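K.L.:
Have a look at this one before I ask anything.
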Amino acid sequence: MDGRAAFFDVDGTLVGTNIVHAFAYYALNEGSLRSTALRTAATAASAPLLWGLDKLSRKGFNHFFYRYYRGMSEDRLRLLADDLYEDVLSGAIYPGALDLVGQARRAGCRVVLVTGALDFTMGRLARRIGADDLIANRMEFTNGIATGRVVPPIVEGAHKAQRIREHCVEHGLRLDQSFAYSDSASDYPMLAVVGRPTAVNPDLRLRSLARAYEWPIVELR
């Protein structure tokens, strides 16, 4: 095994959006005015709880948040994903994000996005960035309708690190020579599992960790 990869978190690292932005777009455009209004109101009412869950547990946040997708049409979501990219994601790519990915590519790295977002949401963005692979959450659908559950294991925290290990084994890549990039302390396992971690637009806790471990710090915003 002599190859290496560059593993990039997405939200807050390469783009200035998060999974709530994506859901809000889908909810506002999915169909009837009544269902749109109900989903939007429910999400707004839960905002304080979502904020608290995100601070307490990213896994708990994801489990709770993706319940809002229950009842949505798979076909409609996949159709809206293209519009989401054009209307929201393409303009939210941070200045310097493509250069950072380009540096990894020139260093001979396989470029992999590792994100808690849903796979169909990230498809167009992955292609724009030039990623070789996408590790993302997958919504469970039954008869073409979202159940509100994510196919386990949820891509977050320690599971991100595990998926990175598995990816390196599958593709014959050296974990100790690979890179990882993230903005959040919740991704500490992902950063710590590789030999060359970098904090990008780090939150306060990750900035402190990066300084303690002498990891590079990059600002793209």
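Just so we're on the same page: first chain in the structure tokens is A, next is B, and so on; residues restart at 1 for each chain, and ligands are numbered from 1 in the order they show up.
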For the structure I just gave you, how does DSSP split stretch 127-185 of chain A - specifically, which residues are strand (DSSP E or B)? Reply as a PyMOL selection string.
P.N.:
chain A and resi 133-137+139-142+145-150+173+179-182
K.L.:
Skipping near chain neighbours, those fewer than 6 positions away, what residues fall within 6 Å of stretch 119-133 of chain A using only C-alpha atoms, listed as a list in words?
P.N.:
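Non-adjacent residues within range: Ala81, Val111 and Val112 of chain A.
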K.L.:
Identify which of the residues A:Val218, A:Ala185, A:Ala24, A:Ala117 lies closest to A:Ile154, counting only C-alpha atoms when measuring atom-to-atom distances.
P.N.:
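Among A:Val218, A:Ala185, A:Ala24, A:Ala117, it is A:Ala117 that comes nearest to A:Ile154.
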K.L.:
Looking at A:Phe23, A:Tyr94, A:Tyr181, A:Tyr85, which one is nearest to A:Tyr66, with distances taken over only C-alpha atoms?
P.N.:
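Checking each of A:Phe23, A:Tyr94, A:Tyr181, A:Tyr85 against A:Tyr66, counting only C-alpha atoms, the winner is A:Phe23.
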K.L.:
From the list A:Glu219, A:Glu170, A:Glu30, A:Asp99, which residue is nearest A:Leu77 when using only C-alpha atoms?
P.N.:
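Closest to A:Leu77, using only C-alpha atoms: A:Glu30.
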K.L.:
Which residue out of A:Pro197, A:Pro202, A:Pro153, A:Gly116 has the minimum interatomic distance to A:Leu134 when only C-alpha atoms are used?
P.N.:
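Of all the options, A:Gly116 lies closest to A:Leu134.
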